[in-house]
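Here's target.tsv, which has TSV, C-alpha atoms:
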chain	number	residue	atom	x	y	z
A	1	MET	CA	59.27	-17.85	41.53
A	2	GLN	CA	58.38	-16.40	38.15
A	3	ALA	CA	55.94	-18.36	35.98
A	4	GLY	CA	55.79	-15.91	33.09
A	5	LYS	CA	52.72	-13.94	32.14
A	6	TYR	CA	50.10	-13.95	29.46
A	7	ARG	CA	50.21	-10.92	27.22
A	8	TRP	CA	47.54	-8.26	27.33
A	9	PRO	CA	45.49	-9.42	24.28
A	10	ALA	CA	45.18	-12.91	25.75
A	11	ILE	CA	44.30	-11.49	29.17
A	12	THR	CA	41.76	-9.03	27.78
A	13	LEU	CA	40.06	-11.67	25.65
A	14	HIS	CA	39.99	-14.12	28.54
A	15	TRP	CA	38.25	-11.73	30.92
A	16	MET	CA	35.90	-10.21	28.37
A	17	MET	CA	34.72	-13.66	27.42
A	18	ALA	CA	34.54	-14.74	31.05
A	19	VAL	CA	32.20	-11.87	31.91
A	20	MET	CA	30.06	-12.46	28.83
A	21	ILE	CA	29.83	-16.21	29.38
A	22	LEU	CA	28.79	-15.61	32.97
A	23	ALA	CA	26.06	-13.31	31.66
A	24	ALA	CA	24.89	-15.53	28.80
A	25	LEU	CA	24.61	-18.67	30.93
A	26	PRO	CA	22.06	-17.41	33.48
A	27	LEU	CA	20.23	-15.50	30.75
A	28	GLY	CA	19.82	-18.76	28.89
A	29	LEU	CA	18.63	-20.57	31.99
A	30	VAL	CA	16.10	-17.89	32.93
A	31	MET	CA	14.72	-16.88	29.53
A	32	THR	CA	13.66	-20.38	28.56
A	33	GLU	CA	11.51	-20.65	31.71
A	34	LEU	CA	9.53	-17.47	31.05
A	35	ASP	CA	6.10	-17.23	29.47
A	36	LEU	CA	6.05	-15.29	26.23
A	37	SER	CA	6.38	-11.57	26.93
A	38	PRO	CA	8.34	-8.59	25.63
A	39	THR	CA	10.87	-9.26	28.40
A	40	LYS	CA	11.35	-12.79	27.14
A	41	LEU	CA	11.99	-11.56	23.59
A	42	LYS	CA	14.52	-9.06	24.94
A	43	LEU	CA	16.36	-11.67	27.01
A	44	TYR	CA	16.51	-14.03	24.03
A	45	SER	CA	17.95	-11.28	21.88
A	46	TRP	CA	20.54	-10.27	24.47
A	47	HIS	CA	21.51	-13.90	24.90
A	48	LYS	CA	21.95	-14.32	21.15
A	49	TRP	CA	23.87	-11.05	20.78
A	50	LEU	CA	26.22	-12.19	23.55
A	51	GLY	CA	26.62	-15.54	21.82
A	52	VAL	CA	27.48	-13.98	18.48
A	53	THR	CA	29.95	-11.60	20.15
A	54	LEU	CA	31.53	-14.49	22.06
A	55	PHE	CA	31.87	-16.46	18.85
A	56	MET	CA	33.69	-13.59	17.17
A	57	LEU	CA	35.94	-12.98	20.17
A	58	LEU	CA	36.75	-16.68	20.14
A	59	VAL	CA	37.95	-16.43	16.56
A	60	LEU	CA	40.31	-13.60	17.56
A	61	ARG	CA	41.38	-15.54	20.62
A	62	VAL	CA	42.20	-18.70	18.68
A	63	LEU	CA	44.16	-16.68	16.14
A	64	TRP	CA	46.13	-15.07	18.97
A	65	ARG	CA	46.62	-18.39	20.72
A	66	LEU	CA	47.91	-20.08	17.55
A	67	SER	CA	50.44	-17.33	16.94
A	68	HIS	CA	51.53	-16.84	20.57
A	69	ARG	CA	52.48	-19.67	22.88
A	70	PRO	CA	51.17	-19.25	26.40
A	71	PRO	CA	53.76	-19.02	29.16
A	72	PRO	CA	54.98	-22.52	30.06
A	73	LEU	CA	53.79	-24.20	33.21
A	74	PRO	CA	56.47	-24.57	35.89
A	75	ASP	CA	58.32	-27.91	35.98
A	76	SER	CA	57.27	-28.33	39.58
A	77	LEU	CA	53.66	-28.88	38.50
A	78	PRO	CA	52.63	-32.55	38.86
A	79	ARG	CA	52.07	-34.34	35.64
A	80	TRP	CA	48.37	-35.06	36.18
A	81	GLN	CA	47.70	-31.37	36.79
A	82	ARG	CA	49.59	-30.46	33.65
A	83	TRP	CA	47.52	-32.88	31.57
A	84	SER	CA	44.20	-31.98	33.14
A	85	ALA	CA	44.93	-28.26	32.64
A	86	HIS	CA	45.61	-28.82	28.94
A	87	GLY	CA	42.59	-31.12	28.64
A	88	ILE	CA	40.19	-28.67	30.26
A	89	HIS	CA	41.53	-25.71	28.32
A	90	GLY	CA	41.18	-27.64	25.07
A	91	ALA	CA	37.65	-28.73	25.94
A	92	LEU	CA	36.70	-25.15	26.88
A	93	TYR	CA	37.89	-23.95	23.48
A	94	VAL	CA	35.80	-26.62	21.76
A	95	LEU	CA	32.74	-25.66	23.80
A	96	MET	CA	33.25	-21.93	23.24
A	97	PHE	CA	33.08	-22.76	19.55
A	98	ALA	CA	30.32	-25.37	19.58
A	99	ILE	CA	27.91	-23.64	21.98
A	100	PRO	CA	27.29	-20.41	20.08
A	101	LEU	CA	27.34	-22.35	16.82
A	102	SER	CA	24.66	-24.76	18.04
A	103	GLY	CA	22.61	-21.82	19.32
A	104	TRP	CA	22.83	-20.00	16.00
A	105	LEU	CA	21.86	-23.11	14.04
A	106	MET	CA	19.06	-23.89	16.51
A	107	SER	CA	17.62	-20.44	16.06
A	108	SER	CA	17.61	-20.84	12.27
A	109	ALA	CA	16.07	-24.32	12.47
A	110	LYS	CA	13.31	-22.94	14.68
A	111	GLY	CA	12.59	-20.24	12.11
A	112	PHE	CA	14.19	-17.29	13.85
A	113	GLN	CA	17.07	-15.64	12.13
A	114	THR	CA	19.82	-14.29	14.38
A	115	VAL	CA	20.26	-10.55	13.94
A	116	TRP	CA	23.27	-9.25	15.84
A	117	PHE	CA	22.21	-6.27	17.97
A	118	GLY	CA	19.01	-6.22	15.92
A	119	VAL	CA	21.04	-4.75	13.06
A	120	VAL	CA	23.41	-7.28	11.45
A	121	PRO	CA	21.59	-10.34	10.14
A	122	LEU	CA	23.50	-13.61	10.24
A	123	PRO	CA	22.76	-16.06	7.44
A	124	ASP	CA	20.55	-19.04	8.20
A	125	LEU	CA	22.92	-21.95	7.60
A	126	VAL	CA	20.16	-24.51	8.02
A	127	PRO	CA	16.56	-24.30	6.84
A	128	ARG	CA	13.57	-24.19	9.15
A	129	HIS	CA	13.09	-27.75	10.40
A	130	GLU	CA	11.30	-28.68	13.60
A	131	ALA	CA	13.09	-31.96	14.43
A	132	LEU	CA	16.48	-30.43	13.68
A	133	GLY	CA	15.59	-27.50	15.92
A	134	GLU	CA	14.70	-29.84	18.79
A	135	TRP	CA	17.89	-31.80	18.35
A	136	LEU	CA	20.02	-28.65	18.27
A	137	GLN	CA	18.27	-27.41	21.39
A	138	GLU	CA	19.17	-30.60	23.25
A	139	THR	CA	22.70	-30.37	21.94
A	140	HIS	CA	22.95	-26.74	23.09
A	141	GLU	CA	21.71	-27.75	26.54
A	142	VAL	CA	24.06	-30.73	26.92
A	143	LEU	CA	27.06	-28.69	25.78
A	144	ASN	CA	26.19	-25.99	28.31
A	145	GLY	CA	25.87	-28.56	31.07
A	146	LEU	CA	29.36	-29.72	30.16
A	147	LEU	CA	30.56	-26.13	30.08
A	148	MET	CA	29.30	-25.52	33.61
A	149	VAL	CA	31.16	-28.59	34.89
A	150	LEU	CA	34.38	-27.57	33.14
A	151	LEU	CA	34.04	-23.96	34.31
A	152	ALA	CA	33.71	-25.18	37.88
A	153	LEU	CA	36.89	-27.22	37.47
A	154	HIS	CA	38.69	-24.33	35.74
A	155	VAL	CA	37.72	-21.75	38.37
A	156	GLY	CA	38.31	-24.26	41.19
A	157	ALA	CA	41.81	-24.98	39.93
A	158	ALA	CA	42.56	-21.27	39.53
A	159	LEU	CA	41.43	-20.59	43.11
A	160	LYS	CA	43.51	-23.51	44.37
A	161	HIS	CA	46.62	-22.12	42.64
A	162	LEU	CA	45.82	-18.65	43.91
A	163	PHE	CA	45.06	-19.36	47.56
A	164	ILE	CA	46.43	-22.78	48.40
A	165	ASP	CA	49.42	-23.46	46.15
A	166	ARG	CA	50.27	-19.74	45.81
A	167	ASP	CA	52.49	-20.73	42.88
A	168	GLY	CA	51.76	-17.74	40.63
A	169	ILE	CA	50.00	-19.84	37.99
A	170	ALA	CA	46.58	-18.21	38.38
A	171	ALA	CA	48.25	-14.81	38.73
A	172	ARG	CA	49.50	-15.13	35.15
A	173	MET	CA	45.96	-14.23	34.09
A	174	MET	CA	45.55	-11.59	36.80
A	175	PRO	CA	47.93	-8.76	36.02
A	176	TRP	CA	46.41	-6.62	38.77
A	177	LEU	CA	47.89	-8.93	41.40
A	178	LYS	CA	51.28	-8.04	42.77
A	179	ARG	CA	53.68	-10.93	42.61
A	180	SER	CA	55.30	-11.80	45.90
B	1	MET	CA	-9.84	-3.27	-46.32
B	2	VAL	CA	-6.50	-2.43	-44.84
B	3	PHE	CA	-8.36	-0.83	-42.01
B	4	ARG	CA	-10.25	-4.06	-41.25
B	5	TRP	CA	-7.08	-6.16	-41.04
B	6	MET	CA	-5.59	-3.71	-38.61
B	7	ILE	CA	-8.58	-3.56	-36.32
B	8	LEU	CA	-9.23	-7.29	-36.11
B	9	PRO	CA	-6.29	-8.26	-33.83
B	10	VAL	CA	-7.13	-5.38	-31.53
B	11	LEU	CA	-10.67	-6.67	-31.16
B	12	LEU	CA	-9.43	-10.19	-30.49
B	13	VAL	CA	-7.08	-9.07	-27.78
B	14	SER	CA	-9.61	-6.90	-26.05
B	15	SER	CA	-12.32	-9.51	-26.19
B	16	ALA	CA	-9.95	-12.16	-24.80
B	17	GLN	CA	-9.20	-9.85	-21.90
B	18	ALA	CA	-12.78	-8.97	-21.24
B	19	ALA	CA	-13.05	-11.84	-18.80
B	20	ASP	CA	-14.23	-11.14	-15.31
B	21	PHE	CA	-12.02	-12.80	-12.74
B	22	SER	CA	-14.37	-13.42	-9.87
B	23	ARG	CA	-14.23	-16.98	-8.59
B	24	PHE	CA	-11.78	-17.14	-5.68
B	25	VAL	CA	-9.34	-20.07	-5.81
B	26	PRO	CA	-8.20	-20.49	-2.17
B	27	GLU	CA	-5.71	-23.30	-2.83
B	28	ARG	CA	-3.72	-20.96	-5.06
B	29	SER	CA	-3.94	-17.99	-2.77
B	30	LYS	CA	-1.93	-17.09	0.27
B	31	LEU	CA	-1.70	-14.39	2.85
B	32	GLU	CA	1.64	-13.84	4.54
B	33	PHE	CA	3.11	-11.28	6.87
B	34	VAL	CA	6.51	-10.42	8.24
B	35	SER	CA	6.76	-8.88	11.68
B	36	ARG	CA	9.97	-7.64	13.26
B	37	GLN	CA	10.82	-8.78	16.76
B	38	MET	CA	13.95	-7.16	18.21
B	39	GLY	CA	15.04	-6.52	14.65
B	40	VAL	CA	14.45	-10.11	13.58
B	41	PRO	CA	12.07	-10.62	10.66
B	42	VAL	CA	9.58	-13.35	11.55
B	43	GLU	CA	7.31	-14.79	8.89
B	44	GLY	CA	3.71	-15.70	9.48
B	45	THR	CA	0.62	-16.70	7.53
B	46	PHE	CA	-3.15	-16.82	7.67
B	47	SER	CA	-4.28	-20.10	6.20
B	48	ARG	CA	-8.03	-19.39	5.99
B	49	PHE	CA	-9.42	-16.40	4.20
B	50	ASP	CA	-12.05	-15.71	1.63
B	51	ALA	CA	-12.18	-13.24	-1.22
B	52	ARG	CA	-15.24	-11.99	-3.03
B	53	LEU	CA	-14.01	-10.14	-6.03
B	54	ASN	CA	-14.46	-9.21	-9.61
B	55	PHE	CA	-11.78	-7.78	-11.79
B	56	ASP	CA	-11.70	-7.16	-15.49
B	57	PRO	CA	-8.24	-6.04	-16.62
B	58	ALA	CA	-9.93	-4.15	-19.43
B	59	ARG	CA	-11.82	-2.10	-16.85
B	60	PRO	CA	-9.71	-2.14	-13.68
B	61	GLU	CA	-11.52	0.85	-12.18
B	62	ALA	CA	-14.65	-1.30	-11.95
B	63	GLY	CA	-12.75	-3.90	-9.93
B	64	LYS	CA	-13.84	-4.71	-6.43
B	65	VAL	CA	-12.67	-6.97	-3.64
B	66	VAL	CA	-13.84	-7.90	-0.18
B	67	LEU	CA	-11.35	-9.99	1.76
B	68	SER	CA	-12.34	-11.77	4.98
B	69	ILE	CA	-9.58	-13.26	7.08
B	70	ASP	CA	-10.17	-15.91	9.71
B	71	LEU	CA	-7.78	-14.61	12.35
B	72	ALA	CA	-7.68	-17.86	14.32
B	73	SER	CA	-5.92	-19.45	11.33
B	74	VAL	CA	-2.80	-17.43	12.10
B	75	ASP	CA	0.62	-19.02	12.19
B	76	ALA	CA	2.90	-16.45	13.79
B	77	GLY	CA	6.09	-18.49	13.56
B	78	SER	CA	6.03	-20.66	16.68
B	79	ASN	CA	3.52	-22.58	18.80
B	80	GLU	CA	4.16	-20.20	21.66
B	81	ALA	CA	3.43	-17.17	19.49
B	82	ASN	CA	0.34	-18.80	17.99
B	83	GLY	CA	-1.10	-19.27	21.46
B	84	GLU	CA	-0.36	-15.65	22.28
B	85	VAL	CA	-1.56	-13.74	19.22
B	86	VAL	CA	-5.14	-15.06	19.28
B	87	GLY	CA	-5.48	-13.68	22.81
B	88	LYS	CA	-6.92	-10.47	24.12
B	89	ASN	CA	-3.83	-8.29	23.72
B	90	TRP	CA	-3.46	-9.22	20.07
B	91	PHE	CA	-6.29	-10.26	17.74
B	92	ASP	CA	-8.76	-11.16	20.50
B	93	VAL	CA	-10.34	-13.69	18.15
B	94	LYS	CA	-13.16	-14.54	20.54
B	95	ARG	CA	-14.59	-11.06	20.14
B	96	PHE	CA	-13.23	-10.32	16.68
B	97	PRO	CA	-12.92	-13.56	14.73
B	98	GLN	CA	-12.42	-11.89	11.38
B	99	ALA	CA	-10.49	-9.09	9.76
B	100	ARG	CA	-11.95	-7.54	6.66
B	101	PHE	CA	-10.69	-5.48	3.77
B	102	GLU	CA	-13.12	-3.85	1.39
B	103	SER	CA	-11.83	-1.96	-1.60
B	104	THR	CA	-13.24	1.44	-2.49
B	105	SER	CA	-11.32	2.06	-5.70
B	106	VAL	CA	-8.90	0.39	-8.07
B	107	ARG	CA	-6.77	2.14	-10.63
B	108	SER	CA	-4.22	1.09	-13.18
B	109	LEU	CA	-0.62	2.21	-12.75
B	110	GLY	CA	0.34	0.82	-16.16
B	111	GLY	CA	2.41	-2.19	-17.12
B	112	GLY	CA	0.21	-4.73	-15.36
B	113	ARG	CA	0.46	-2.81	-12.10
B	114	TYR	CA	-2.52	-1.51	-10.20
B	115	GLU	CA	-3.40	0.17	-6.96
B	116	ALA	CA	-6.31	-0.64	-4.69
B	117	ARG	CA	-7.61	1.61	-1.95
B	118	GLY	CA	-9.97	0.53	0.70
B	119	ARG	CA	-10.85	0.10	4.33
B	120	MET	CA	-9.20	-2.46	6.55
B	121	GLU	CA	-11.09	-3.46	9.66
B	122	ILE	CA	-9.37	-5.40	12.42
B	123	LYS	CA	-10.46	-5.71	16.01
B	124	GLY	CA	-13.31	-3.28	15.49
B	125	ARG	CA	-11.01	-0.56	14.21
B	126	SER	CA	-11.06	0.60	10.64
B	127	ARG	CA	-8.31	2.36	8.71
B	128	ASP	CA	-7.62	3.40	5.11
B	129	VAL	CA	-5.24	1.13	3.27
B	130	VAL	CA	-3.54	1.57	-0.08
B	131	THR	CA	-1.88	-1.38	-1.73
B	132	PRO	CA	-0.18	-1.79	-5.07
B	133	PHE	CA	-0.65	-5.08	-6.81
B	134	THR	CA	0.13	-6.83	-10.05
B	135	PHE	CA	-2.21	-8.89	-12.13
B	136	ARG	CA	-1.28	-11.62	-14.55
B	137	PRO	CA	-3.54	-14.07	-16.30
B	138	VAL	CA	-2.54	-17.73	-16.07
B	139	GLY	CA	-4.77	-19.85	-18.28
B	140	ASN	CA	-8.32	-18.97	-17.37
B	141	GLN	CA	-7.20	-17.79	-13.95
B	142	GLY	CA	-5.79	-14.51	-12.82
B	143	VAL	CA	-3.17	-14.02	-10.13
B	144	PHE	CA	-3.09	-10.87	-8.02
B	145	GLU	CA	0.06	-10.26	-6.03
B	146	GLY	CA	0.88	-7.36	-3.81
B	147	GLY	CA	1.78	-6.12	-0.43
B	148	PHE	CA	1.74	-3.16	1.85
B	149	VAL	CA	2.83	-2.10	5.30
B	150	LEU	CA	0.24	-2.28	8.04
B	151	LYS	CA	0.78	-0.46	11.32
B	152	ARG	CA	-0.33	-2.92	13.96
B	153	LEU	CA	-0.78	-0.30	16.69
B	154	ASP	CA	-3.40	1.50	14.57
B	155	TYR	CA	-5.60	-1.51	15.21
B	156	GLY	CA	-4.53	-2.28	18.75
B	157	ILE	CA	-2.79	-5.48	17.66
B	158	GLY	CA	-0.40	-6.09	20.54
B	159	GLU	CA	-1.58	-4.00	23.44
B	160	GLY	CA	-0.42	-3.59	27.01
B	161	ALA	CA	3.22	-4.52	27.46
B	162	TRP	CA	3.30	-5.52	23.78
B	163	GLY	CA	2.68	-1.92	22.73
B	164	ASP	CA	6.43	-1.25	22.75
B	165	PRO	CA	7.44	-1.00	19.08
B	166	GLY	CA	11.06	-1.41	20.18
B	167	VAL	CA	10.32	-5.08	20.82
B	168	VAL	CA	7.75	-5.83	18.14
B	169	ALA	CA	7.90	-3.20	15.40
B	170	ASP	CA	4.75	-1.25	14.55
B	171	GLU	CA	5.21	-1.89	10.84
B	172	VAL	CA	4.11	-5.30	9.63
B	173	GLN	CA	4.75	-6.20	6.02
B	174	ILE	CA	1.72	-7.86	4.43
B	175	LYS	CA	2.06	-9.94	1.27
B	176	PHE	CA	-0.80	-11.49	-0.62
B	177	THR	CA	-1.33	-13.76	-3.58
B	178	VAL	CA	-4.95	-14.07	-4.63
B	179	THR	CA	-5.95	-16.31	-7.51
B	180	ALA	CA	-9.34	-16.00	-9.15
B	181	ALA	CA	-10.85	-17.92	-12.06
B	182	ALA	CA	-12.59	-16.18	-14.91
B	183	THR	CA	-16.32	-16.62	-14.79
B	184	THR	CA	-17.35	-14.82	-17.96
B	185	PRO	CA	-16.07	-16.66	-21.01
B	186	ALA	CA	-14.51	-14.51	-23.68
B	187	LYS	CA	-17.24	-12.84	-25.70
B	188	PRO	CA	-17.82	-14.53	-29.02
B	189	LYS	CA	-16.33	-12.41	-31.76
B	190	LYS	CA	-18.68	-10.98	-34.29
Would you mind writing the file out in structure tokens?
Amino acid sequence: MQAGKYRWPAITLHWMMAVMILAALPLGLVMTELDLSPTKLKLYSWHKWLGVTLFMLLVLRVLWRLSHRPPPLPDSLPRWQRWSAHGIHGALYVLMFAIPLSGWLMSSAKGFQTVWFGVVPLPDLVPRHEALGEWLQETHEVLNGLLMVLLALHVGAALKHLFIDRDGIAARMMPWLKRS
Amino acid sequence: MVFRWMILPVLLVSSAQAADFSRFVPERSKLEFVSRQMGVPVEGTFSRFDARLNFDPARPEAGKVVLSIDLASVDAGSNEANGEVVGKNWFDVKRFPQARFESTSVRSLGGGRYEARGRMEIKGRSRDVVTPFTFRPVGNQGVFEGGFVLKRLDYGIGEGAWGDPGVVADEVQIKFTVTAAATTPAKPKK
């Protein structure tokens, strides 16, 4: 059966962002545990540069998504799966927007401007403010906790479609797979 | 007669300026710096410092300043950084509690702008420093403002793993505002 395929810009953006999110997440978890050192400053910067890049890729991705409908899900898919797929995708988009944004604002509130690749300074949208910085940090952490849960569901569902259902749904994002 | 009326305002102006600004006003003075960490400018301050100075804008070349900075009063931008920079690799405030700048010469650059040269001593190391500054009288006080670039590695500020200028840049921008009150009242005109 043929489920249709995503087009290359959607596929490229999906996998680029997947790789970068899977780099930024552990970086964030590790860097915050370290004592102050040059390594820590480097990890923070890499994490922020990834976040800024992800935010910009997300803008492109949303523009693409709004102008190109994804291939429809097959009618055979149970209704609850259809709804949970849409729900999780929607929530992932919201998080991919809110997480880098909260990180950027947090950095400003804590008195550290974000400078993309150490070259392009981003404006500080909020002034330096300790309580706001703390609150944004907690927000950033909670949103990332949520992201990890949703990623587990997203990847779990993809693996289920790939290996158990073998219905070609996951393969729509994996153009390197031969369809049977 | 005409000559007298022309000379009088000149005398008034010069006598009004002949004040010696020498009483440091700490609450209207500040010492700030901007370091660069991974390309990110990070602002910091020293909240306690003392200045012994005298400056007469009519005779700037006779001006003199000795600045003593209490290095433990540093705010480097975050609690974590404040704990770090007083330590051995940075200022090592236990052994070197103070930094000191002593001017050796002051000259006018014109238009209210001046240049001071002197020796800066931090962490037992001493280097020549040149800094431009402006001076403007405000009431019976005078405000000196200026700044220069200090190379932290010249003084061993940030040693060991911190010596990598790719992480924390060597150049640190220093900005100062020093306010001093006039101690000599304007000379009574004849």
Q: For chain A, list the residues within 12 Å of chain B, counting only C-alpha atoms, and write the list as an MDAnalysis selection string.
A: chainID A and resid 32 34:46 48:49 107:123 128:130 133
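Comparing the minimum interatomic distances between Leu22 (chain A) and each of A:Tyr6, A:Ala131, A:His89, A:Asn144, counting all atoms listed in the file, we find that A:Asn144 sits nearest.
Distance-wise, CA of Ala180 (chain B) and CA of Ser108 (chain B) end up 18.3 Å apart.
With CA of Glu121 (chain B) on one side and CA of Ala99 (chain B) on the other, the separation reads 5.7 Å.
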Spatial neighbours of Ala158 (chain A), max dist 10 Å, all atoms listed in the file, sep filter under 5 positions, as a compact mmCIF listing (two decimals) with C-alpha atoms, keeping the file's coordinate frame:
# COMPACT_ATOMS: atom_id res chain seq x y z
CA ALA A 152 33.71 -25.18 37.88
CA LEU A 153 36.89 -27.22 37.47
CA PHE A 163 45.06 -19.36 47.56
CA ILE A 164 46.43 -22.78 48.40
CA ASP A 165 49.42 -23.46 46.15
CA GLY A 168 51.76 -17.74 40.63
CA ILE A 169 50.00 -19.84 37.99
CA ALA A 170 46.58 -18.21 38.38
CA ALA A 171 48.25 -14.81 38.73
CA MET A 173 45.96 -14.23 34.09
Q.
If we draw a sphere of 7 Å around (34.6, -18.5, 33.1), which residues have at least one atom in it when counting all atoms listed in the file? Please report them as a PyMOL selection string.
A. chain A and resi 18+21-22+151+155
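From CA of Ser126 (chain B) back to CA of Asn54 (chain B), the distance works out to 22.8 Å.
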Q: Skip region 56-60 of chain A itself and residues of its chain fewer than 4 positions away, then list as JSON, numbers by chain all residues within 8 Å of it, counting all atoms listed in the file.
A: {"A": [13, 17, 52, 64, 96, 97]}
Grab the residues selected above and save them as a PDB file, in the coordinates of the input with C-alpha atoms.
ATOM      1  CA  LEU A  13      40.060 -11.670  25.650  1.00  0.00           C
ATOM      2  CA  MET A  17      34.720 -13.660  27.420  1.00  0.00           C
ATOM      3  CA  VAL A  52      27.480 -13.980  18.480  1.00  0.00           C
ATOM      4  CA  TRP A  64      46.130 -15.070  18.970  1.00  0.00           C
ATOM      5  CA  MET A  96      33.250 -21.930  23.240  1.00  0.00           C
ATOM      6  CA  PHE A  97      33.080 -22.760  19.550  1.00  0.00           C
TER       7      PHE A  97
END
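Residues with any atom within 9 Å of Phe24 (chain B), counting all atoms listed in the file and excluding same-chain neighbours fewer than 4 positions away, are B:Arg28, B:Ser29, B:Asp50, B:Ala51, B:Arg52, B:Leu53, B:Val178, B:Thr179, B:Ala180, B:Ala181.
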Spatial neighbours of Ala98 (chain A), 10 Å, all atoms listed in the file, chain gap at least 3 places, as a PDB file with C-alpha atoms, in the frame of the given file:
ATOM      1  CA  PHE A  55      31.870 -16.460  18.850  1.00  0.00           C
ATOM      2  CA  LEU A  92      36.700 -25.150  26.880  1.00  0.00           C
ATOM      3  CA  TYR A  93      37.890 -23.950  23.480  1.00  0.00           C
ATOM      4  CA  VAL A  94      35.800 -26.620  21.760  1.00  0.00           C
ATOM      5  CA  LEU A  95      32.740 -25.660  23.800  1.00  0.00           C
ATOM      6  CA  LEU A 101      27.340 -22.350  16.820  1.00  0.00           C
ATOM      7  CA  SER A 102      24.660 -24.760  18.040  1.00  0.00           C
ATOM      8  CA  GLY A 103      22.610 -21.820  19.320  1.00  0.00           C
ATOM      9  CA  TRP A 104      22.830 -20.000  16.000  1.00  0.00           C
ATOM     10  CA  THR A 139      22.700 -30.370  21.940  1.00  0.00           C
ATOM     11  CA  HIS A 140      22.950 -26.740  23.090  1.00  0.00           C
ATOM     12  CA  LEU A 143      27.060 -28.690  25.780  1.00  0.00           C
ATOM     13  CA  ASN A 144      26.190 -25.990  28.310  1.00  0.00           C
TER      14      ASN A 144
END
Q.
Neighbouring residues of region 76-82 of chain A were defined as those with any atom within 10 Å, considering all atoms listed in the file; residues of the same chain fewer than 2 positions away were excluded. Please report them as a ChimeraX atom specification.
A. /A:73-74,84-87,157,167,169
Restricting it to C-alpha atoms, dump the selection as a short mmCIF file (atom, residue, chain, number, x, y, z; two decimals), in the frame of the given file.
data_model
loop_
_atom_site.label_atom_id
_atom_site.label_comp_id
_atom_site.auth_asym_id
_atom_site.auth_seq_id
_atom_site.Cartn_x
_atom_site.Cartn_y
_atom_site.Cartn_z
CA LEU A 73 53.79 -24.20 33.21
CA PRO A 74 56.47 -24.57 35.89
CA SER A 84 44.20 -31.98 33.14
CA ALA A 85 44.93 -28.26 32.64
CA HIS A 86 45.61 -28.82 28.94
CA GLY A 87 42.59 -31.12 28.64
CA ALA A 157 41.81 -24.98 39.93
CA ASP A 167 52.49 -20.73 42.88
CA ILE A 169 50.00 -19.84 37.99
#
